[in-house]
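Below is final20.cif, holding mmCIF, C-alpha atoms.
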```
data_final
#
loop_
_atom_site.group_PDB
_atom_site.id
_atom_site.type_symbol
_atom_site.label_atom_id
_atom_site.label_comp_id
_atom_site.auth_asym_id
_atom_site.auth_seq_id
_atom_site.Cartn_x
_atom_site.Cartn_y
_atom_site.Cartn_z
ATOM 1 C CA MET A 118 64.211 169.243 188.173
ATOM 2 C CA SER A 119 65.904 166.199 186.775
ATOM 3 C CA LYS A 120 65.441 163.005 188.725
ATOM 4 C CA ARG A 121 69.202 162.867 189.150
ATOM 5 C CA ARG A 122 70.000 163.123 192.829
ATOM 6 C CA PRO A 123 71.529 166.405 193.952
ATOM 7 C CA SER A 124 75.286 166.491 194.304
ATOM 8 C CA ILE A 125 77.081 168.568 196.926
ATOM 9 C CA GLY A 126 80.761 169.382 196.514
ATOM 10 C CA VAL A 127 82.814 169.859 199.679
ATOM 11 C CA PHE A 128 86.228 171.497 199.459
ATOM 12 C CA ASP A 129 89.032 171.807 201.996
ATOM 13 C CA SER A 130 92.791 172.194 201.910
ATOM 14 C CA GLY A 131 93.081 168.920 203.791
ATOM 15 C CA PHE A 132 91.251 166.708 206.254
ATOM 16 C CA GLY A 133 89.409 169.085 208.568
ATOM 17 C CA GLY A 134 86.566 169.632 206.116
ATOM 18 C CA LEU A 135 85.594 166.011 206.667
ATOM 19 C CA THR A 136 84.004 167.156 209.946
ATOM 20 C CA VAL A 137 81.723 169.330 207.805
ATOM 21 C CA LEU A 138 80.975 166.361 205.547
ATOM 22 C CA LYS A 139 80.189 164.285 208.642
ATOM 23 C CA ALA A 140 77.735 166.942 209.803
ATOM 24 C CA LEU A 141 76.203 167.163 206.315
ATOM 25 C CA LEU A 142 75.587 163.425 206.292
ATOM 26 C CA GLU A 143 73.687 163.796 209.558
ATOM 27 C CA VAL A 144 71.217 166.390 208.240
ATOM 28 C CA ILE A 145 70.847 165.805 204.484
ATOM 29 C CA ALA A 146 69.428 162.686 202.886
ATOM 30 C CA GLY A 147 69.120 161.591 199.304
ATOM 31 C CA ALA A 148 72.165 163.490 198.036
ATOM 32 C CA ASP A 149 75.560 162.543 196.664
ATOM 33 C CA PHE A 150 78.689 164.116 198.144
ATOM 34 C CA ILE A 151 82.013 164.814 196.461
ATOM 35 C CA TYR A 152 84.912 165.725 198.739
ATOM 36 C CA PHE A 153 88.076 167.377 197.445
ATOM 37 C CA GLY A 154 91.093 167.656 199.744
ATOM 38 C CA ASP A 155 93.942 169.734 198.343
ATOM 39 C CA THR A 156 96.415 167.892 200.536
ATOM 40 C CA ALA A 157 99.443 168.437 198.287
ATOM 41 C CA ARG A 158 99.255 172.204 198.764
ATOM 42 C CA LEU A 159 98.379 172.524 202.432
ATOM 43 C CA PRO A 160 98.718 174.383 204.690
ATOM 44 C CA TYR A 161 96.872 177.313 203.160
ATOM 45 C CA GLY A 162 97.452 179.450 206.229
ATOM 46 C CA SER A 163 101.031 180.340 205.288
ATOM 47 C CA LYS A 164 100.172 181.343 201.721
ATOM 48 C CA SER A 165 99.128 184.670 200.206
ATOM 49 C CA VAL A 166 95.512 185.628 199.581
ATOM 50 C CA ASP A 167 96.041 185.370 195.810
ATOM 51 C CA THR A 168 97.552 181.908 196.089
ATOM 52 C CA VAL A 169 94.797 180.629 198.377
ATOM 53 C CA ALA A 170 92.165 182.062 196.023
ATOM 54 C CA ARG A 171 93.794 180.461 192.978
ATOM 55 C CA TYR A 172 94.062 177.049 194.638
ATOM 56 C CA ALA A 173 90.503 177.204 195.966
ATOM 57 C CA VAL A 174 89.055 178.298 192.621
ATOM 58 C CA ASP A 175 90.916 175.482 190.818
ATOM 59 C CA SER A 176 89.534 172.945 193.260
ATOM 60 C CA SER A 177 86.021 174.381 193.084
ATOM 61 C CA HIS A 178 86.095 174.157 189.285
ATOM 62 C CA TYR A 179 87.117 170.521 189.605
ATOM 63 C CA LEU A 180 84.110 169.817 191.829
ATOM 64 C CA GLU A 181 81.831 171.630 189.391
ATOM 65 C CA SER A 182 83.210 169.538 186.530
ATOM 66 C CA HIS A 183 82.198 166.431 188.485
ATOM 67 C CA GLY A 184 78.598 167.562 188.788
ATOM 68 C CA ALA A 185 78.475 169.480 192.071
ATOM 69 C CA GLN A 186 75.303 171.579 192.186
ATOM 70 C CA LEU A 187 76.312 173.402 195.356
ATOM 71 C CA LEU A 188 79.763 174.030 196.799
ATOM 72 C CA VAL A 189 80.625 173.993 200.481
ATOM 73 C CA ILE A 190 83.934 175.695 201.286
ATOM 74 C CA ALA A 191 84.705 173.604 204.361
ATOM 75 C CA CYS A 192 87.936 175.473 205.025
ATOM 76 C CA ASN A 193 88.045 178.464 207.326
ATOM 77 C CA THR A 194 91.139 179.907 205.664
ATOM 78 C CA ALA A 195 89.717 179.673 202.137
ATOM 79 C CA THR A 196 86.383 181.041 203.339
ATOM 80 C CA ALA A 197 88.020 183.921 205.185
ATOM 81 C CA LEU A 198 90.430 184.873 202.412
ATOM 82 C CA ALA A 199 88.761 183.902 199.171
ATOM 83 C CA LEU A 200 85.000 183.272 199.424
ATOM 84 C CA ASP A 201 84.134 186.243 197.199
ATOM 85 C CA ARG A 202 86.642 185.128 194.556
ATOM 86 C CA ILE A 203 85.330 181.552 194.639
ATOM 87 C CA THR A 204 81.716 182.712 194.369
ATOM 88 C CA ALA A 205 82.517 184.974 191.411
ATOM 89 C CA ALA A 206 84.448 182.254 189.586
ATOM 90 C CA THR A 207 81.910 179.429 189.890
ATOM 91 C CA HIS A 208 78.435 178.852 188.477
ATOM 92 C CA VAL A 209 76.660 177.203 191.414
ATOM 93 C CA PRO A 210 75.714 178.417 194.912
ATOM 94 C CA VAL A 211 78.623 178.597 197.352
ATOM 95 C CA ILE A 212 78.451 178.402 201.154
ATOM 96 C CA GLY A 213 81.431 178.991 203.434
ATOM 97 C CA VAL A 214 81.864 178.187 207.108
ATOM 98 C CA VAL A 215 82.172 181.687 208.605
ATOM 99 C CA GLU A 216 78.705 183.171 208.138
ATOM 100 C CA PRO A 217 76.821 180.098 209.447
ATOM 101 C CA GLY A 218 79.107 179.976 212.484
ATOM 102 C CA ALA A 219 78.516 183.670 213.155
ATOM 103 C CA ASP A 220 74.759 183.183 212.794
ATOM 104 C CA SER A 221 74.719 180.393 215.365
ATOM 105 C CA ALA A 222 76.956 182.265 217.808
ATOM 106 C CA ALA A 223 74.824 185.402 217.637
ATOM 107 C CA ALA A 224 71.673 183.344 218.160
ATOM 108 C CA VAL A 225 72.862 181.743 221.411
ATOM 109 C CA SER A 226 74.871 184.556 223.008
ATOM 110 C CA LYS A 227 73.102 186.389 225.818
ATOM 111 C CA ASN A 228 75.706 189.066 226.552
ATOM 112 C CA LYS A 229 76.925 189.597 222.971
ATOM 113 C CA ARG A 230 80.555 188.762 223.794
ATOM 114 C CA ILE A 231 82.067 185.897 221.871
ATOM 115 C CA VAL A 232 85.456 184.167 221.714
ATOM 116 C CA VAL A 233 86.591 182.629 218.408
ATOM 117 C CA ILE A 234 89.507 180.229 218.137
ATOM 118 C CA GLY A 235 91.143 179.305 214.825
ATOM 119 C CA THR A 236 94.339 179.146 212.818
ATOM 120 C CA GLU A 237 96.699 182.089 212.394
ATOM 121 C CA ALA A 238 95.390 182.842 208.891
ATOM 122 C CA THR A 239 91.727 182.780 209.887
ATOM 123 C CA VAL A 240 92.325 184.951 212.938
ATOM 124 C CA SER A 241 94.497 187.413 210.983
ATOM 125 C CA SER A 242 91.697 187.860 208.440
ATOM 126 C CA GLN A 243 89.292 188.929 211.217
ATOM 127 C CA ALA A 244 86.534 187.305 209.169
ATOM 128 C CA TYR A 245 84.650 186.089 212.225
ATOM 129 C CA SER A 246 84.979 189.405 214.080
ATOM 130 C CA LYS A 247 83.583 191.257 211.063
ATOM 131 C CA ALA A 248 80.736 188.784 210.609
ATOM 132 C CA LEU A 249 79.871 188.936 214.306
ATOM 133 C CA ALA A 250 80.108 192.739 214.429
ATOM 134 C CA ALA A 251 77.582 192.861 211.592
ATOM 135 C CA ARG A 252 75.246 190.933 213.909
ATOM 136 C CA GLY A 253 75.756 193.315 216.837
ATOM 137 C CA MET A 254 78.264 191.097 218.672
ATOM 138 C CA GLN A 255 81.664 191.854 220.202
ATOM 139 C CA ALA A 256 84.303 189.244 219.428
ATOM 140 C CA THR A 257 87.884 188.424 220.225
ATOM 141 C CA GLU A 258 89.806 185.918 218.129
ATOM 142 C CA LYS A 259 92.588 183.688 219.404
ATOM 143 C CA ALA A 260 94.994 181.803 217.160
ATOM 144 C CA CYS A 261 95.695 178.274 218.415
ATOM 145 C CA PRO A 262 98.359 176.957 216.015
ATOM 146 C CA LEU A 263 99.316 173.897 218.073
ATOM 147 C CA LEU A 264 95.843 172.350 218.052
ATOM 148 C CA VAL A 265 95.781 171.222 214.408
ATOM 149 C CA PRO A 266 98.953 169.085 214.590
ATOM 150 C CA LEU A 267 97.777 167.632 217.914
ATOM 151 C CA VAL A 268 94.477 166.607 216.326
ATOM 152 C CA GLU A 269 96.244 165.102 213.316
ATOM 153 C CA GLU A 270 98.509 163.185 215.708
ATOM 154 C CA GLY A 271 95.342 161.700 217.209
ATOM 155 C CA TRP A 272 95.929 163.305 220.600
ATOM 156 C CA VAL A 273 92.342 164.467 221.040
ATOM 157 C CA GLU A 274 92.183 163.304 224.679
ATOM 158 C CA HIS A 275 95.857 163.632 225.558
ATOM 159 C CA PRO A 276 96.871 165.534 228.716
ATOM 160 C CA VAL A 277 99.277 167.637 226.641
ATOM 161 C CA THR A 278 96.425 168.737 224.364
ATOM 162 C CA LYS A 279 94.282 169.583 227.381
ATOM 163 C CA GLN A 280 97.114 171.658 228.854
ATOM 164 C CA VAL A 281 97.709 173.496 225.567
ATOM 165 C CA ALA A 282 93.994 174.161 225.077
ATOM 166 C CA GLY A 283 93.703 175.393 228.646
ATOM 167 C CA ILE A 284 96.484 177.930 228.067
ATOM 168 C CA TYR A 285 94.909 179.182 224.847
ATOM 169 C CA LEU A 286 91.438 179.547 226.343
ATOM 170 C CA GLY A 287 92.838 181.137 229.485
ATOM 171 C CA GLU A 288 94.416 183.808 227.317
ATOM 172 C CA ALA A 289 91.233 184.264 225.270
ATOM 173 C CA PHE A 290 88.765 184.476 228.162
ATOM 174 C CA GLN A 291 90.306 187.425 229.989
ATOM 175 C CA GLY A 292 89.746 191.160 230.397
ATOM 176 C CA GLU A 293 86.477 192.328 228.898
ATOM 177 C CA PHE A 294 85.934 188.859 227.425
ATOM 178 C CA GLU A 295 86.249 187.031 230.735
ATOM 179 C CA ASP A 296 82.466 186.659 230.795
ATOM 180 C CA ALA A 297 82.042 185.904 227.067
ATOM 181 C CA ASP A 298 79.382 183.235 226.868
ATOM 182 C CA VAL A 299 80.080 181.603 223.475
ATOM 183 C CA LEU A 300 83.165 179.856 222.088
ATOM 184 C CA VAL A 301 83.192 179.479 218.300
ATOM 185 C CA LEU A 302 85.285 176.663 216.857
ATOM 186 C CA GLY A 303 86.695 178.515 213.858
ATOM 187 C CA CYS A 304 88.673 175.588 212.484
ATOM 188 C CA THR A 305 87.234 172.372 211.110
ATOM 189 C CA HIS A 306 89.792 170.292 213.038
ATOM 190 C CA TYR A 307 88.435 171.516 216.348
ATOM 191 C CA PRO A 308 85.160 169.519 216.486
ATOM 192 C CA LEU A 309 87.286 166.496 217.391
ATOM 193 C CA LEU A 310 88.357 168.446 220.486
ATOM 194 C CA LYS A 311 84.875 169.557 221.507
ATOM 195 C CA PRO A 312 84.622 167.421 224.696
ATOM 196 C CA LEU A 313 88.137 168.466 225.749
ATOM 197 C CA LEU A 314 87.468 172.141 225.006
ATOM 198 C CA GLN A 315 84.205 172.011 226.941
ATOM 199 C CA SER A 316 86.120 170.655 229.922
ATOM 200 C CA VAL A 317 88.638 173.524 229.958
ATOM 201 C CA ALA A 318 86.359 176.392 228.900
ATOM 202 C CA PRO A 319 84.563 178.407 231.592
ATOM 203 C CA ALA A 320 81.465 176.558 232.811
ATOM 204 C CA HIS A 321 79.049 179.192 231.498
ATOM 205 C CA VAL A 322 80.283 178.955 227.901
ATOM 206 C CA THR A 323 78.316 177.443 225.016
ATOM 207 C CA ILE A 324 80.424 175.952 222.219
ATOM 208 C CA VAL A 325 79.368 176.661 218.644
ATOM 209 C CA ASP A 326 80.724 174.192 216.101
ATOM 210 C CA SER A 327 80.945 175.948 212.729
ATOM 211 C CA ALA A 328 80.893 172.564 210.975
ATOM 212 C CA GLU A 329 77.443 171.782 212.394
ATOM 213 C CA SER A 330 76.237 175.336 211.722
ATOM 214 C CA THR A 331 77.407 175.094 208.114
ATOM 215 C CA ALA A 332 75.673 171.753 207.606
ATOM 216 C CA ARG A 333 72.373 173.210 208.796
ATOM 217 C CA ALA A 334 72.813 176.206 206.460
ATOM 218 C CA VAL A 335 73.522 173.880 203.532
ATOM 219 C CA ALA A 336 70.459 171.773 204.364
ATOM 220 C CA ARG A 337 68.255 174.869 204.298
ATOM 221 C CA ARG A 338 69.725 176.001 200.977
ATOM 222 C CA MET A 339 69.367 172.562 199.412
ATOM 223 C CA ARG A 340 65.732 172.279 200.454
ATOM 224 C CA ALA A 341 65.037 175.668 198.867
ATOM 225 C CA LEU A 342 66.891 174.868 195.646
ATOM 226 C CA LEU A 343 66.091 171.185 195.371
ATOM 227 C CA PRO A 344 62.869 170.314 197.206
ATOM 228 C CA GLN A 345 63.365 166.576 196.675
ATOM 229 C CA VAL A 346 66.198 166.599 199.226
ATOM 230 C CA ASP A 347 64.943 164.842 202.332
ATOM 231 C CA ASP A 348 66.088 164.495 205.930
ATOM 232 C CA GLY A 349 65.054 160.859 206.500
ATOM 233 C CA GLU A 350 67.640 158.834 208.416
ATOM 234 C CA ASP A 351 66.901 155.576 206.630
ATOM 235 C CA GLU A 352 67.089 157.179 203.195
ATOM 236 C CA ARG A 353 70.345 158.918 204.066
ATOM 237 C CA ARG A 354 71.975 155.680 205.033
ATOM 238 C CA ALA A 355 70.685 153.912 201.963
ATOM 239 C CA GLN A 356 71.405 156.592 199.406
ATOM 240 C CA ALA A 357 74.293 158.826 200.443
ATOM 241 C CA ARG A 358 77.049 158.163 197.912
ATOM 242 C CA LEU A 359 80.501 159.518 198.602
ATOM 243 C CA LYS A 360 83.413 160.258 196.291
ATOM 244 C CA PHE A 361 86.782 161.437 197.558
ATOM 245 C CA PHE A 362 89.562 163.205 195.686
ATOM 246 C CA ALA A 363 92.958 164.186 197.094
ATOM 247 C CA THR A 364 95.970 165.881 195.549
ATOM 248 C CA ASP A 365 98.526 163.998 197.667
ATOM 249 C CA SER A 366 98.874 160.538 199.216
ATOM 250 C CA VAL A 367 95.691 158.495 198.941
ATOM 251 C CA GLU A 368 96.845 156.199 201.739
ATOM 252 C CA LYS A 369 97.426 159.072 204.137
ATOM 253 C CA PHE A 370 94.068 160.614 203.269
ATOM 254 C CA GLN A 371 92.288 157.350 204.016
ATOM 255 C CA ARG A 372 94.213 156.804 207.251
ATOM 256 C CA LEU A 373 93.865 160.300 208.711
ATOM 257 C CA GLY A 374 90.532 161.094 207.136
ATOM 258 C CA GLN A 375 88.608 158.401 208.972
ATOM 259 C CA ARG A 376 89.367 160.163 212.274
ATOM 260 C CA PHE A 377 87.527 163.232 211.023
ATOM 261 C CA LEU A 378 84.684 161.505 209.193
ATOM 262 C CA GLY A 379 84.077 158.906 211.877
ATOM 263 C CA ARG A 380 83.972 156.057 209.369
ATOM 264 C CA SER A 381 86.323 154.260 207.030
ATOM 265 C CA ILE A 382 87.179 155.973 203.735
ATOM 266 C CA GLU A 383 87.666 153.954 200.587
ATOM 267 C CA GLY A 384 88.138 154.578 196.897
ATOM 268 C CA VAL A 385 90.010 157.872 197.205
ATOM 269 C CA GLN A 386 91.122 159.083 193.785
ATOM 270 C CA HIS A 387 94.367 160.975 193.297
ATOM 271 C CA VAL A 388 94.139 164.244 191.367
ATOM 272 C CA ASP A 389 97.048 166.209 189.942
ATOM 273 C CA LEU A 390 96.014 169.835 189.573
ATOM 274 C CA LYS A 391 98.663 171.526 187.464
ATOM 275 C CA GLU A 392 99.992 174.865 188.615
#
```
structure tokens encoding of this file:
Amino acid sequence: MSKRRPSIGVFDSGFGGLTVLKALLEVIAGADFIYFGDTARLPYGSKSVDTVARYAVDSSHYLESHGAQLLVIACNTATALALDRITAATHVPVIGVVEPGADSAAAVSKNKRIVVIGTEATVSSQAYSKALAARGMQATEKACPLLVPLVEEGWVEHPVTKQVAGIYLGEAFQGEFEDADVLVLGCTHYPLLKPLLQSVAPAHVTIVDSAESTARAVARRMRALLPQVDDGEDERRAQARLKFFATDSVEKFQRLGQRFLGRSIEGVQHVDLKE
């Protein structure tokens, strides 16, 4: 291998994928990270499969052109609708958020009944249900469309958000899934709501954060592909170099993005991807 440090490209339609980047920074040292937020074309959830695939492939090619040696599709919608197309169109390993989340949920569930919450597009794709069924699990998926705008408003501890989340989870944990013992956060905005969701979920439920699960999967893949990647905390802090690209307002990306990344964001570069 070259002595050049490994570079990991992280793609999302917007800001939520920054929770995946945050988790990656906690488990991978000695790597560079390139984040691409296709903020001018969000939301992906209301678009066709072909359109989502085309946008995601364009963005993935951009990350490849900037030296990414592995791509993380930190977008549940793009993973659910277009992972195969992205993988076929790129020349580096690709990891999405669904399979790692399903792996973690299956590993911790004792009764094999799992609730998944996500956006309308992710739930409609049934990507998590299929992935969990392949692991011998039963799953129900619940779309929670109000949670993303509440998170982006910064209302992660607001009583309104707690009330909305309580209604959604009450509807999800009923019937044969009343005793489901795992809740999968199938949207990368939802990690910001983890304490609130834990407070309104049934007491016996374990929350699986697909962002954290994906970061662990990426760390394993990077160690296999690039053995020089290390997990040392000191080295991570000293060496992790971040680049950010966004297709819409740089100012808005910096302002909203820091909520998801948990640190200030600087030097965002604007990209104009032509249709």
Given all atoms listed in the file as the counted atoms, nearest of A:Ile125, A:Ala297, A:Ile151, A:Leu188 to Val385 of chain A: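 Smallest distance to Val385 of chain A is found for A:Ile151.
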Show me, as number ranges by chain, the residues that have an atom within 12 Å of Ala363 of chain A when counting all atoms listed in the file, minus same-chain residues fewer than 3 positions from it. A: 127-132, 151-159, 176, 179-180, 360, 366-371, 374, 384-390
So, with only C-alpha atoms as the atoms that count, which of A:Ser124, A:Thr204, A:Ser330, A:Ser163 lies closest to Gly147 of chain A?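 When distances to Gly147 of chain A are compared using only C-alpha atoms, the smallest one comes from A:Ser124.
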Please enumerate the residues selected by the PyMOL selection byres ((chain A and resi 169) around 10) when evaluated against the supplied file, formatted as a PDB file with C-alpha atoms, in the frame of the given file.
```
ATOM      1  CA  SER A 130      92.791 172.194 201.910  1.00  0.00           C
ATOM      2  CA  ARG A 158      99.255 172.204 198.764  1.00  0.00           C
ATOM      3  CA  LEU A 159      98.379 172.524 202.432  1.00  0.00           C
ATOM      4  CA  PRO A 160      98.718 174.383 204.690  1.00  0.00           C
ATOM      5  CA  TYR A 161      96.872 177.313 203.160  1.00  0.00           C
ATOM      6  CA  GLY A 162      97.452 179.450 206.229  1.00  0.00           C
ATOM      7  CA  SER A 163     101.031 180.340 205.288  1.00  0.00           C
ATOM      8  CA  LYS A 164     100.172 181.343 201.721  1.00  0.00           C
ATOM      9  CA  SER A 165      99.128 184.670 200.206  1.00  0.00           C
ATOM     10  CA  VAL A 166      95.512 185.628 199.581  1.00  0.00           C
ATOM     11  CA  ASP A 167      96.041 185.370 195.810  1.00  0.00           C
ATOM     12  CA  THR A 168      97.552 181.908 196.089  1.00  0.00           C
ATOM     13  CA  ALA A 170      92.165 182.062 196.023  1.00  0.00           C
ATOM     14  CA  ARG A 171      93.794 180.461 192.978  1.00  0.00           C
ATOM     15  CA  TYR A 172      94.062 177.049 194.638  1.00  0.00           C
ATOM     16  CA  ALA A 173      90.503 177.204 195.966  1.00  0.00           C
ATOM     17  CA  VAL A 174      89.055 178.298 192.621  1.00  0.00           C
ATOM     18  CA  ASP A 175      90.916 175.482 190.818  1.00  0.00           C
ATOM     19  CA  THR A 194      91.139 179.907 205.664  1.00  0.00           C
ATOM     20  CA  ALA A 195      89.717 179.673 202.137  1.00  0.00           C
ATOM     21  CA  THR A 196      86.383 181.041 203.339  1.00  0.00           C
ATOM     22  CA  LEU A 198      90.430 184.873 202.412  1.00  0.00           C
ATOM     23  CA  ALA A 199      88.761 183.902 199.171  1.00  0.00           C
TER      24      ALA A 199
END
```
Give as a ChimeraX atom specification the set of residues within 12 Å of the point (83.5, 185.8, 224.9), where distances use the file's coordinates and only C-alpha atoms. /A:222-223,225-234,246,249,254-259,286-301,318-319,321-325
Using all atoms listed in the file, which residues sit within 10 Å of Glu329 of chain A once same-chain residues fewer than 2 positions away are excluded, as a list in words?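 Listed by chain and then number, they are Thr136, Val137, Leu138, Lys139, Ala140, Leu141, Glu143, Val144, Val214, Pro217, Gly218, Ser221, Thr305, Pro308, Val325, Asp326, Ser327, Thr331, Ala332, Arg333, Ala334 and Val335 of chain A.
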Any idea what the distance is between atom CA of Cys261 of chain A and atom CA of Leu373 of chain A?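 Rounded to one decimal, the two atoms are 20.5 Å apart.
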List the residues matched by the PyMOL selection byres ((chain A and resi 148) around 7) in the displayed structure as a compact mmCIF listing (two decimals) with C-alpha atoms, keeping the file's coordinate frame, ordered by chain and then by residue number.
```txt
# COMPACT_ATOMS: atom_id res chain seq x y z
CA ARG A 122 70.00 163.12 192.83
CA PRO A 123 71.53 166.40 193.95
CA SER A 124 75.29 166.49 194.30
CA ILE A 145 70.85 165.80 204.48
CA ALA A 146 69.43 162.69 202.89
CA GLY A 147 69.12 161.59 199.30
CA ASP A 149 75.56 162.54 196.66
CA PHE A 150 78.69 164.12 198.14
CA VAL A 346 66.20 166.60 199.23
CA ALA A 357 74.29 158.83 200.44
```
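The gap separating atom CA of Glu181 of chain A from atom CA of Ala206 of chain A is 10.9 Å, in Å to one decimal.
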